[in-house]
Every structure is written in C-alpha cells, then in structure tokens.
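Asks: This structure is in structure tokens; I'll ask about it shortly.
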Amino acid sequence: MPESLAPDLLTDQHIVVTGGGTGLGRAMARRVSDLGAAVTINGRRPDPLAETVSDIEEAGGTAEGIQCNVRDPEAVQAFFDEAEERQGPVTRLVNNAAANFLAPTEDLSPNGFDAIVRTNLYGSFYCTQACGRRWLERETEGVVLSIATTYAETGSAYVVPSAMSKAGIVAMTRSLAAEWGSEGIRLNAVAPGPFPTEGAWDRLVPDEDLAQQMQDRVPLGRFGSPDELADLASVLLSDLTGYMNGEVVTFDGGEALAAGGQFNTFTRMPREQVKALMEQLRPD
Ligand code: HXC
C-alpha cells in the first residue's frame with residue numbers, strides 16, 4: 001500500500017460498498033478500511049461477502065457483509081436499516097454493484113435487458129435514494145461515488161443495456177449534485193477503462209488475443225489495477241475532494257481518448273516509421 005494517503009483519511013466514516021464481495025468492490029472495501037473507515041458490503045452471494053469481511057478483519061479493520069440484491073427496492077431498505085443497526089449511520093455510499101454480458105442487441109431477451117438495467121441503474125438509484133433520504137432527514141452531509149464506465153459517454157456495441165444504464169448513473173450523479181448539493185450531499189462518479197477482474201473478464205473478454213488487443217488500445221500499454229482504482233475512490237470519498245460535485249473522473253490510461261482521435265493509430269507504428277512518413281508529406 002502506498003504511504004501517500006494518510007492512514008486516518010476516512011476515520012469516522014461508515015462506508016457502504018455495493019457488490020463489495022468481489023472485484024473492484026472488494027478492492028475498494030479493503031482500501032477504505034485500511035484508511036480507517038468502518039465498511040459494510042452487500043452482494044447476492046454470501047461466500048464472497050464472508051471472505052472479504054474476514055480479509056478486512058484480518059488486516060485489523062471493521063466490516064460487515066449483508067446479503068442483498070440491489071435490484072429489489074425493499075431489500076435495499078432492509079439492507080440500510082441493518083447496516084446502520086450494526087455500525088451506525090452510513091456516511092458514504094459506493095454504487096459499485098454491476099451486471100453485464102456481451103450480446104448482439106437484436107438477440108437480447110426482456111429478462112436479459114432487465115437483469116442488467118435493474119442491477120446497474122435501478123440498484124444505484126435505490127441505494128442513492130435510501131442514503132439521500134437518511135442524510136436529508138438527519139441534516140448531515142454525505143457522499144455518493146458511483147462506478148460508471150467510459151462508454152457511458154460514447155456508447156459501445158454489444159453492451160447496450162450496460163451503456164444505457166451507466167449513462168443513466170451519470171445523469172443521476174449530475175442531477176443530484178445540483179438537487180442535493182445545497183444540503184451538503186455530493187455525488188461524483190469514476191469512469192474506469194479496462195480493469196481485469198474475474199467478474200468482468202469472464203463475461204466480457206472471450207480470449208487472450210482479445211485481451212491483448214484491449215490492452216494495446218490503452219496508451220499506457222497496460223490494464224488498470226483494482227488497487228489503483230481503490231486509491232482514487234478513497235480520495236473521492238474523502239474531504240480532500242470536498243469541492244468536487246457532479247464530476248465524472250475518467251480513469252482509463254487514456255483509452256477512451258485514444259479511440260477517438262483520427263491520427264492516434266499512428267502511435268501503434270514505430271516512432272521512426274511515423275517520422276519517416278511525415279517527412280514524406282512535407283512539401284519540398
Ligand atoms: C445472453 C444472457 C446471458 C448471456 C444471462 N442472460 N447471461 N443472455 N448472453 N451471456 C440472460 C438469461 O438468459 C436470462 O434471460 C436473463 O439474462 C437473466 O439471466 P439470469 O442468469 O437468470 O439472471 P441473473 O442470475 O440475475 O444474472 C444476471 C447476469 C449475470 C447479468 C446475467 O451475469 C450476473 O449476475 N452478473 C453480475 C456480475 C457481473 O456481470 N459483473 C460484470 C460487471 S463488469 P431469459 O430470457 O433467458 O430468462 C462491467 C464492466 C464494464 O460492467 C467495462 C468493461 C471494460
């Protein structure tokens with residue numbers, strides 16, 4: 001763990017991480033705990049929740065895992081009641097739970113569409129609204145950090161329900177930043193590029209060749225690591241960024257921008273070759 005973040009950065013915070021048993025959620029839960037927060041994670045499967053909680057406890061942190069499917073609004077209310085009973089008022093929320101799979105859009109069934117949109121969009125809304133209501137009633141500040149994606153802005157083929165729902169999460173973030181900002185409630189989002197986690201890669205990256213192609217698209221030449229994302233999330237959840245509200249922070253090694261610029265493909269050629277080509281184009 002880098003020592004640059006103060007170990008008490010998130011002391012006195014009770015942070016909920018949805019989908020916190022695995023992948024990026026797990027990395028964020030671990031990191032905010034290392035920085036002093038009490039953590040409550042939720043998810044559908046008890047085993048990953050128990051593993052993450054015991055991992056955090058072994059590292060000296062305080063964590064609770066509560067089974068909950070964020071698609072179910074009643075289960076979400078019950079989850080927050082239980083989380084607060086166990087560890088006191090929730091002060092920060094990370095909307096991380098997500099569902100996705102690759103599908104030709106013409107073949108998507110209503111159930112398939114629902115499974116993704118209900119998890120990503122409805123789930124994030126239910127959790128955000130539950131926290132917002134509590135914070136407004138108590139007249140306390142609060143922070144919501146949602147995990148979006150770079151293709152929320154650009155769209156992406158073959159993941160249309162995910163792109164639609166992540167775009168909705170961005171819209172929620174910006175809308176509520178305005179609506180609740182005056183009450184001391186801030187909402188921001190992170191738009192990650194490719195981060196190889198089991199949950200995402202099993203569903204979205206069919207083979208090694210495609211993984212390599214995805215990596216080659218990133219100007220920095222590598223995928224992101226969950227720990228890097230967890231560091232960024234910790235800062236965004238802290239008071240260090242107390243004036244940031246309604247922002248979407250892209251965290252993708254430059255991948256999304258590189259996909260857009262018309263001449264960016266030149267960067268895949270050796271630099272000397274590019275220089276020679278450009279020399280040819282110079283007028284005599
Ligand atoms: C087509 C599929 C499918 C697939 C499921 N379905 N998988 N259709 N291709 N690969 C259809 C089913 O046939 C069914 O429709 C409907 O979806 C619901 O499926 P269930 O298995 O009954 O639902 P459920 O158990 O809720 O599963 C939801 C899920 C699953 C989305 C399908 O993958 C899941 O739980 N994922 C959670 C974790 C996850 O997805 N992590 C990745 C997020 S990462 P019918 O009509 O047959 O009933 C991410 C990063 C993006 O988003 C950025 C990457 C660069």
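Chains: A, B, ... in order of the structure tokens. Residues: from 1 per chain. Ligands: from 1, in order shown.
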Residues within 7 Å of ligand 1 should be enumerated using only C-alpha atoms and all ligand atoms and returned as a ChimeraX atom specification.

Replies: /A:98-103,108-113,115-116,149,162,193-195,199-200,203-204

Asks: Take the residues from that selection and put them in a file with all heavy atoms, as a compact mmCIF listing (two decimals), in the first residue's frame.

Replies:
# COMPACT_ATOMS: atom_id res chain seq x y z
N ALA A 98 -22.69 -4.23 -10.26
CA ALA A 98 -22.99 -4.10 -11.69
C ALA A 98 -23.16 -5.46 -12.33
O ALA A 98 -22.63 -6.47 -11.84
CB ALA A 98 -21.86 -3.35 -12.40
N ALA A 99 -23.93 -5.48 -13.39
CA ALA A 99 -24.12 -6.70 -14.18
C ALA A 99 -23.90 -6.36 -15.64
O ALA A 99 -24.21 -5.25 -16.08
CB ALA A 99 -25.53 -7.24 -13.97
N ASN A 100 -23.37 -7.32 -16.37
CA ASN A 100 -23.06 -7.06 -17.78
C ASN A 100 -22.82 -8.39 -18.48
O ASN A 100 -22.37 -9.34 -17.85
CB ASN A 100 -21.79 -6.21 -17.86
CG ASN A 100 -21.68 -5.42 -19.15
OD1 ASN A 100 -22.53 -5.53 -20.02
ND2 ASN A 100 -20.63 -4.63 -19.27
N PHE A 101 -23.14 -8.48 -19.72
CA PHE A 101 -22.65 -9.57 -20.57
C PHE A 101 -22.69 -9.09 -22.01
O PHE A 101 -23.39 -8.12 -22.33
CB PHE A 101 -23.44 -10.88 -20.37
CG PHE A 101 -24.93 -10.76 -20.57
CD1 PHE A 101 -25.48 -10.71 -21.85
CD2 PHE A 101 -25.80 -10.77 -19.49
CE1 PHE A 101 -26.86 -10.62 -22.04
CE2 PHE A 101 -27.18 -10.68 -19.67
CZ PHE A 101 -27.71 -10.61 -20.95
N LEU A 102 -21.90 -9.74 -22.86
CA LEU A 102 -21.86 -9.38 -24.27
C LEU A 102 -23.05 -10.01 -24.98
O LEU A 102 -23.33 -11.20 -24.77
CB LEU A 102 -20.58 -9.94 -24.91
CG LEU A 102 -19.26 -9.28 -24.51
CD1 LEU A 102 -18.10 -10.08 -25.08
CD2 LEU A 102 -19.20 -7.84 -24.98
N ALA A 103 -23.75 -9.24 -25.78
CA ALA A 103 -24.86 -9.81 -26.55
C ALA A 103 -25.16 -8.96 -27.78
O ALA A 103 -25.17 -7.73 -27.69
CB ALA A 103 -26.12 -9.91 -25.68
N LEU A 108 -31.16 -9.85 -27.50
CA LEU A 108 -31.40 -9.70 -26.06
C LEU A 108 -32.85 -9.99 -25.71
O LEU A 108 -33.77 -9.49 -26.37
CB LEU A 108 -31.14 -8.25 -25.65
CG LEU A 108 -29.74 -7.86 -25.22
CD1 LEU A 108 -29.66 -6.33 -25.09
CD2 LEU A 108 -29.38 -8.52 -23.89
N SER A 109 -33.07 -10.77 -24.66
CA SER A 109 -34.45 -11.01 -24.19
C SER A 109 -34.82 -9.91 -23.20
O SER A 109 -33.93 -9.27 -22.62
CB SER A 109 -34.54 -12.36 -23.50
OG SER A 109 -33.86 -12.31 -22.27
N PRO A 110 -36.12 -9.70 -22.98
CA PRO A 110 -36.52 -8.72 -21.96
C PRO A 110 -35.88 -9.02 -20.60
O PRO A 110 -35.45 -8.11 -19.90
CB PRO A 110 -38.04 -8.85 -21.91
CG PRO A 110 -38.43 -9.39 -23.25
CD PRO A 110 -37.29 -10.27 -23.68
N ASN A 111 -35.79 -10.29 -20.27
CA ASN A 111 -35.19 -10.66 -18.98
C ASN A 111 -33.71 -10.31 -18.91
O ASN A 111 -33.20 -9.89 -17.87
CB ASN A 111 -35.30 -12.18 -18.76
CG ASN A 111 -36.50 -12.53 -17.93
OD1 ASN A 111 -37.14 -11.65 -17.36
ND2 ASN A 111 -36.81 -13.82 -17.88
N GLY A 112 -33.02 -10.53 -20.02
CA GLY A 112 -31.59 -10.21 -20.06
C GLY A 112 -31.39 -8.70 -19.91
O GLY A 112 -30.51 -8.25 -19.15
N PHE A 113 -32.18 -7.92 -20.63
CA PHE A 113 -32.11 -6.46 -20.52
C PHE A 113 -32.39 -6.02 -19.08
O PHE A 113 -31.65 -5.23 -18.50
CB PHE A 113 -33.12 -5.84 -21.49
CG PHE A 113 -33.11 -4.34 -21.50
CD1 PHE A 113 -32.17 -3.64 -22.24
CD2 PHE A 113 -34.05 -3.62 -20.77
CE1 PHE A 113 -32.14 -2.25 -22.25
CE2 PHE A 113 -34.03 -2.23 -20.78
CZ PHE A 113 -33.08 -1.54 -21.52
N ALA A 115 -32.13 -7.76 -16.30
CA ALA A 115 -31.12 -8.20 -15.32
C ALA A 115 -30.00 -7.16 -15.23
O ALA A 115 -29.49 -6.87 -14.14
CB ALA A 115 -30.54 -9.56 -15.72
N ILE A 116 -29.64 -6.58 -16.36
CA ILE A 116 -28.54 -5.61 -16.36
C ILE A 116 -29.02 -4.23 -15.89
O ILE A 116 -28.44 -3.63 -14.99
CB ILE A 116 -27.90 -5.54 -17.77
CG1 ILE A 116 -27.26 -6.89 -18.08
CG2 ILE A 116 -26.89 -4.41 -17.85
CD1 ILE A 116 -26.76 -7.05 -19.49
N THR A 149 -18.61 4.06 -16.46
CA THR A 149 -17.66 3.49 -17.40
C THR A 149 -17.44 4.52 -18.49
O THR A 149 -18.29 5.39 -18.71
CB THR A 149 -18.19 2.17 -18.03
OG1 THR A 149 -17.36 1.82 -19.14
CG2 THR A 149 -19.60 2.31 -18.54
N SER A 162 -25.82 -2.18 -20.62
CA SER A 162 -24.84 -1.63 -19.68
C SER A 162 -24.57 -0.17 -20.01
O SER A 162 -24.55 0.69 -19.11
CB SER A 162 -23.54 -2.45 -19.77
OG SER A 162 -22.50 -1.81 -19.08
N GLY A 193 -11.71 2.49 -17.29
CA GLY A 193 -11.50 1.75 -18.53
C GLY A 193 -11.39 0.28 -18.18
O GLY A 193 -12.07 -0.20 -17.28
N PRO A 194 -10.51 -0.46 -18.88
CA PRO A 194 -10.43 -1.90 -18.63
C PRO A 194 -9.65 -2.26 -17.37
O PRO A 194 -8.48 -1.91 -17.24
CB PRO A 194 -9.71 -2.42 -19.88
CG PRO A 194 -8.94 -1.26 -20.40
CD PRO A 194 -9.66 -0.01 -20.00
N PHE A 195 -10.34 -2.91 -16.46
CA PHE A 195 -9.72 -3.43 -15.23
C PHE A 195 -10.02 -4.92 -15.18
O PHE A 195 -11.19 -5.31 -15.05
CB PHE A 195 -10.32 -2.75 -13.98
CG PHE A 195 -9.78 -1.37 -13.75
CD1 PHE A 195 -10.18 -0.30 -14.55
CD2 PHE A 195 -8.84 -1.14 -12.76
CE1 PHE A 195 -9.66 0.97 -14.35
CE2 PHE A 195 -8.33 0.14 -12.54
CZ PHE A 195 -8.73 1.19 -13.34
N GLY A 199 -15.09 -11.14 -12.44
CA GLY A 199 -16.50 -10.94 -12.81
C GLY A 199 -16.66 -10.31 -14.18
O GLY A 199 -17.51 -10.71 -14.98
N ALA A 200 -15.80 -9.33 -14.50
CA ALA A 200 -15.92 -8.66 -15.78
C ALA A 200 -15.30 -9.51 -16.89
O ALA A 200 -15.88 -9.70 -17.95
CB ALA A 200 -15.24 -7.29 -15.71
N ARG A 203 -17.07 -12.58 -18.35
CA ARG A 203 -18.26 -12.31 -19.16
C ARG A 203 -17.96 -11.50 -20.41
O ARG A 203 -18.73 -11.52 -21.36
CB ARG A 203 -19.28 -11.54 -18.33
CG ARG A 203 -19.85 -12.34 -17.21
CD ARG A 203 -20.76 -11.52 -16.33
NE ARG A 203 -21.34 -12.35 -15.29
CZ ARG A 203 -20.76 -12.58 -14.12
NH1 ARG A 203 -19.60 -12.04 -13.84
NH2 ARG A 203 -21.35 -13.36 -13.24
N LEU A 204 -16.86 -10.75 -20.39
CA LEU A 204 -16.68 -9.73 -21.43
C LEU A 204 -15.46 -9.92 -22.32
O LEU A 204 -15.35 -9.30 -23.36
CB LEU A 204 -16.59 -8.33 -20.78
CG LEU A 204 -17.77 -7.92 -19.91
CD1 LEU A 204 -17.49 -6.61 -19.20
CD2 LEU A 204 -19.04 -7.80 -20.75

Asks: As a ChimeraX atom specification, please: every residue in stretch 43-74 of chain A that a backbone DSSP assignment puts in alpha helix (DSSP H).

Replies: /A:46-58,73-74

Asks: Okay, now the selection with all heavy atoms, as a CSV table (one decimal), in the first residue's frame?

Replies:
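Output saved as result37.csv:
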chain,number,residue,atom,x,y,z
A,46,PRO,N,-23.4,-15.1,-0.4
A,46,PRO,CA,-22.8,-15.0,1.0
A,46,PRO,C,-21.3,-15.3,1.0
A,46,PRO,O,-20.6,-14.7,1.8
A,46,PRO,CB,-23.6,-16.0,1.8
A,46,PRO,CG,-24.4,-16.9,0.9
A,46,PRO,CD,-24.5,-16.2,-0.4
A,47,ASP,N,-20.9,-16.2,0.2
A,47,ASP,CA,-19.4,-16.6,0.4
A,47,ASP,C,-18.5,-15.5,0.1
A,47,ASP,O,-17.6,-15.3,0.9
A,47,ASP,CB,-19.1,-17.9,-0.5
A,47,ASP,CG,-19.8,-19.1,0.0
A,47,ASP,OD1,-20.4,-19.0,1.2
A,47,ASP,OD2,-19.8,-20.2,-0.6
A,48,PRO,N,-18.6,-14.8,-1.1
A,48,PRO,CA,-17.7,-13.7,-1.3
A,48,PRO,C,-17.7,-12.6,-0.2
A,48,PRO,O,-16.7,-12.0,0.2
A,48,PRO,CB,-18.1,-13.2,-2.7
A,48,PRO,CG,-18.8,-14.2,-3.3
A,48,PRO,CD,-19.5,-15.0,-2.2
A,49,LEU,N,-19.0,-12.4,0.3
A,49,LEU,CA,-19.1,-11.4,1.4
A,49,LEU,C,-18.3,-11.8,2.6
A,49,LEU,O,-17.5,-11.0,3.1
A,49,LEU,CB,-20.6,-11.2,1.7
A,49,LEU,CG,-21.5,-10.6,0.7
A,49,LEU,CD1,-23.0,-10.6,1.2
A,49,LEU,CD2,-21.1,-9.2,0.4
A,50,ALA,N,-18.5,-13.1,3.0
A,50,ALA,CA,-17.8,-13.6,4.2
A,50,ALA,C,-16.3,-13.5,4.0
A,50,ALA,O,-15.5,-13.1,4.9
A,50,ALA,CB,-18.2,-15.0,4.5
A,51,GLU,N,-15.8,-13.9,2.8
A,51,GLU,CA,-14.4,-13.9,2.5
A,51,GLU,C,-13.8,-12.5,2.6
A,51,GLU,O,-12.7,-12.2,3.2
A,51,GLU,CB,-14.0,-14.4,1.1
A,51,GLU,CG,-14.1,-15.9,1.0
A,51,GLU,CD,-14.2,-16.4,-0.4
A,51,GLU,OE1,-13.7,-15.7,-1.3
A,51,GLU,OE2,-14.8,-17.5,-0.6
A,52,THR,N,-14.5,-11.5,2.0
A,52,THR,CA,-14.0,-10.1,2.1
A,52,THR,C,-14.0,-9.6,3.5
A,52,THR,O,-13.1,-8.9,3.9
A,52,THR,CB,-14.8,-9.2,1.1
A,52,THR,OG1,-14.7,-9.8,-0.2
A,52,THR,CG2,-14.3,-7.8,1.1
A,53,VAL,N,-15.1,-9.9,4.2
A,53,VAL,CA,-15.2,-9.4,5.6
A,53,VAL,C,-14.0,-10.0,6.4
A,53,VAL,O,-13.3,-9.3,7.2
A,53,VAL,CB,-16.5,-9.8,6.2
A,53,VAL,CG1,-16.5,-9.6,7.8
A,53,VAL,CG2,-17.6,-8.9,5.7
A,54,SER,N,-13.7,-11.3,6.2
A,54,SER,CA,-12.7,-11.9,7.1
A,54,SER,C,-11.3,-11.3,6.6
A,54,SER,O,-10.4,-11.1,7.5
A,54,SER,CB,-12.8,-13.4,7.1
A,54,SER,OG,-11.9,-14.0,6.2
A,55,ASP,N,-11.2,-11.0,5.4
A,55,ASP,CA,-9.9,-10.4,4.9
A,55,ASP,C,-9.7,-9.1,5.5
A,55,ASP,O,-8.6,-8.7,6.0
A,55,ASP,CB,-10.1,-10.3,3.3
A,55,ASP,CG,-8.8,-9.9,2.7
A,55,ASP,OD1,-7.7,-10.2,3.2
A,55,ASP,OD2,-8.9,-9.2,1.6
A,56,ILE,N,-10.8,-8.3,5.6
A,56,ILE,CA,-10.7,-6.9,6.2
A,56,ILE,C,-10.4,-7.1,7.7
A,56,ILE,O,-9.5,-6.3,8.2
A,56,ILE,CB,-12.0,-6.1,5.9
A,56,ILE,CG1,-12.0,-5.7,4.4
A,56,ILE,CG2,-12.0,-4.9,6.8
A,56,ILE,CD1,-13.3,-5.1,4.0
A,57,GLU,N,-11.1,-8.0,8.3
A,57,GLU,CA,-10.9,-8.1,9.8
A,57,GLU,C,-9.5,-8.6,10.1
A,57,GLU,O,-8.8,-8.1,11.0
A,57,GLU,CB,-11.9,-9.1,10.3
A,57,GLU,CG,-13.3,-8.4,10.4
A,57,GLU,CD,-14.4,-9.3,10.8
A,57,GLU,OE1,-14.2,-10.6,10.8
A,57,GLU,OE2,-15.5,-8.8,11.2
A,58,GLU,N,-8.9,-9.5,9.3
A,58,GLU,CA,-7.6,-10.0,9.5
A,58,GLU,C,-6.6,-8.8,9.4
A,58,GLU,O,-5.5,-8.9,10.0
A,58,GLU,CB,-7.2,-11.1,8.5
A,58,GLU,CG,-7.5,-12.5,8.9
A,58,GLU,CD,-7.4,-13.5,7.8
A,58,GLU,OE1,-6.5,-13.3,7.0
A,58,GLU,OE2,-8.3,-14.4,7.8
A,73,PRO,N,-36.1,-3.1,-4.3
A,73,PRO,CA,-36.1,-1.9,-3.5
A,73,PRO,C,-36.4,-2.2,-2.0
A,73,PRO,O,-35.8,-1.5,-1.2
A,73,PRO,CB,-37.3,-1.1,-4.1
A,73,PRO,CG,-38.0,-2.0,-5.0
A,73,PRO,CD,-37.1,-3.1,-5.4
A,74,GLU,N,-37.2,-3.2,-1.7
A,74,GLU,CA,-37.5,-3.5,-0.3
A,74,GLU,C,-36.2,-4.1,0.4
A,74,GLU,O,-35.9,-3.7,1.5
A,74,GLU,CB,-38.6,-4.4,-0.2
A,74,GLU,CG,-40.0,-3.7,-0.4
A,74,GLU,CD,-41.1,-4.6,-0.5
A,74,GLU,OE1,-41.0,-5.8,-0.1
A,74,GLU,OE2,-42.2,-4.2,-1.0

Asks: Output as a Markdown table one row per residue of stretch 102-164 of chain A within 10 Å of stretch 5-21 of chain A: the closest atom pair and its distance in Å to one decimal place, counting only C-alpha atoms, sorted by chain and residue number ascending.

Replies:
| residue | atom | partner | partner_atom | distance |
| --- | --- | --- | --- | --- |
| A:Gly123 | CA | A:Thr18 | CA | 9.1 |
| A:Ser124 | CA | A:Thr18 | CA | 8.8 |
| A:Cys127 | CA | A:Thr18 | CA | 8.6 |
| A:Cys131 | CA | A:Val16 | CA | 9.8 |
| A:Gly142 | CA | A:Gln13 | CA | 9.8 |
| A:Val143 | CA | A:Ile15 | CA | 9.4 |
| A:Val144 | CA | A:Val16 | CA | 9.6 |
| A:Leu145 | CA | A:Val17 | CA | 9.5 |
| A:Ser146 | CA | A:Val17 | CA | 9.9 |

Asks: Go through A:Gly61, A:Pro161, A:Gly260, A:Gly25 and flag the residue nearest A:Thr197, using only C-alpha atoms for the distances.

Replies: A:Gly25

Asks: Considering only C-alpha atoms, state which residue in the set A:Thr91, A:Gly23, A:Arg71, A:Val117 is at the smallest distance from A:Trp201.

Replies: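 Counting only C-alpha atoms, the residue closest to A:Trp201 is A:Gly23.
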
Asks: Any idea what's packed within 12 Å of A:Ser156, counting only C-alpha atoms, ignoring anything in its chain fewer than 3 positions away? Could you give it as an NGL selection string?

Replies: :A and (102-105 or 149-153 or 159-164 or 166-167 or 256 or 259)

Asks: Could you pull out the strand (DSSP E or B) residues of stretch 148-208 of chain A, going by DSSP on the backbone, and write them as an NGL selection string?

Replies: :A and (185-192)

Asks: Please, could you write that set of residues out with N, CA and C atoms as a tab-separated table (two decimals), in the first residue's frame?

Replies:
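What follows is the written file out.tsv:
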chain	number	residue	atom	x	y	z
A	185	ILE	N	-24.73	17.32	0.29
A	185	ILE	CA	-24.58	15.96	-0.25
A	185	ILE	C	-23.91	16.07	-1.61
A	186	ARG	N	-22.78	15.39	-1.75
A	186	ARG	CA	-22.03	15.44	-3.01
A	186	ARG	C	-22.13	14.10	-3.73
A	187	LEU	N	-22.21	14.17	-5.05
A	187	LEU	CA	-22.22	12.94	-5.86
A	187	LEU	C	-21.19	13.06	-6.97
A	188	ASN	N	-20.35	12.06	-7.08
A	188	ASN	CA	-19.37	12.02	-8.17
A	188	ASN	C	-19.33	10.60	-8.72
A	189	ALA	N	-18.64	10.45	-9.84
A	189	ALA	CA	-18.53	9.11	-10.43
A	189	ALA	C	-17.12	8.92	-10.96
A	190	VAL	N	-16.74	7.67	-11.05
A	190	VAL	CA	-15.49	7.31	-11.72
A	190	VAL	C	-15.88	6.54	-12.98
A	191	ALA	N	-15.20	6.84	-14.08
A	191	ALA	CA	-15.42	6.10	-15.32
A	191	ALA	C	-14.17	5.27	-15.61
A	192	PRO	N	-14.16	4.02	-15.14
A	192	PRO	CA	-12.95	3.21	-15.38
A	192	PRO	C	-12.91	2.71	-16.81

Asks: Counting only C-alpha atoms, what is within 10 Å of A:Val235, bar same-chain residues fewer than 3 positions away, as a ChimeraX atom specification?

Replies: /A:5,9-10,32,230-232,238-242

Asks: Just write the chosen residues, N, CA, C and O atoms, as a compact mmCIF listing (two decimals), in the first residue's frame.

Replies:
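See selection_8.txt below for the written result:
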# COMPACT_ATOMS: atom_id res chain seq x y z
N LEU A 5 -1.34 8.31 1.18
CA LEU A 5 -2.64 8.69 1.77
C LEU A 5 -2.56 8.50 3.29
O LEU A 5 -2.11 7.47 3.77
N LEU A 9 -7.38 8.88 6.86
CA LEU A 9 -8.13 9.69 5.88
C LEU A 9 -9.65 9.51 6.00
O LEU A 9 -10.41 10.45 5.83
N LEU A 10 -10.08 8.28 6.28
CA LEU A 10 -11.53 8.01 6.28
C LEU A 10 -12.03 7.57 7.66
O LEU A 10 -13.11 6.98 7.77
N VAL A 32 -10.66 1.37 1.75
CA VAL A 32 -11.25 2.37 2.65
C VAL A 32 -11.17 1.91 4.10
O VAL A 32 -11.05 2.73 5.00
N ALA A 230 -9.00 1.74 -6.29
CA ALA A 230 -9.38 1.87 -4.88
C ALA A 230 -8.75 3.12 -4.27
O ALA A 230 -9.37 3.80 -3.44
N ASP A 231 -7.53 3.44 -4.67
CA ASP A 231 -6.89 4.67 -4.17
C ASP A 231 -7.66 5.90 -4.62
O ASP A 231 -7.92 6.81 -3.83
N LEU A 232 -8.01 5.93 -5.91
CA LEU A 232 -8.76 7.07 -6.42
C LEU A 232 -10.11 7.20 -5.69
O LEU A 232 -10.50 8.29 -5.26
N SER A 238 -13.20 11.09 0.34
CA SER A 238 -12.68 11.83 1.48
C SER A 238 -12.98 13.33 1.33
O SER A 238 -13.43 13.78 0.28
N ASP A 239 -12.62 14.07 2.37
CA ASP A 239 -12.83 15.52 2.32
C ASP A 239 -11.74 16.22 1.51
O ASP A 239 -11.81 17.44 1.31
N LEU A 240 -10.72 15.47 1.06
CA LEU A 240 -9.71 16.08 0.19
C LEU A 240 -10.34 16.64 -1.08
O LEU A 240 -9.82 17.58 -1.67
N THR A 241 -11.44 16.03 -1.48
CA THR A 241 -12.11 16.48 -2.71
C THR A 241 -13.47 17.11 -2.37
O THR A 241 -14.45 16.95 -3.09
N GLY A 242 -13.50 17.82 -1.25
CA GLY A 242 -14.75 18.35 -0.72
C GLY A 242 -15.45 19.37 -1.62
O GLY A 242 -16.62 19.69 -1.41
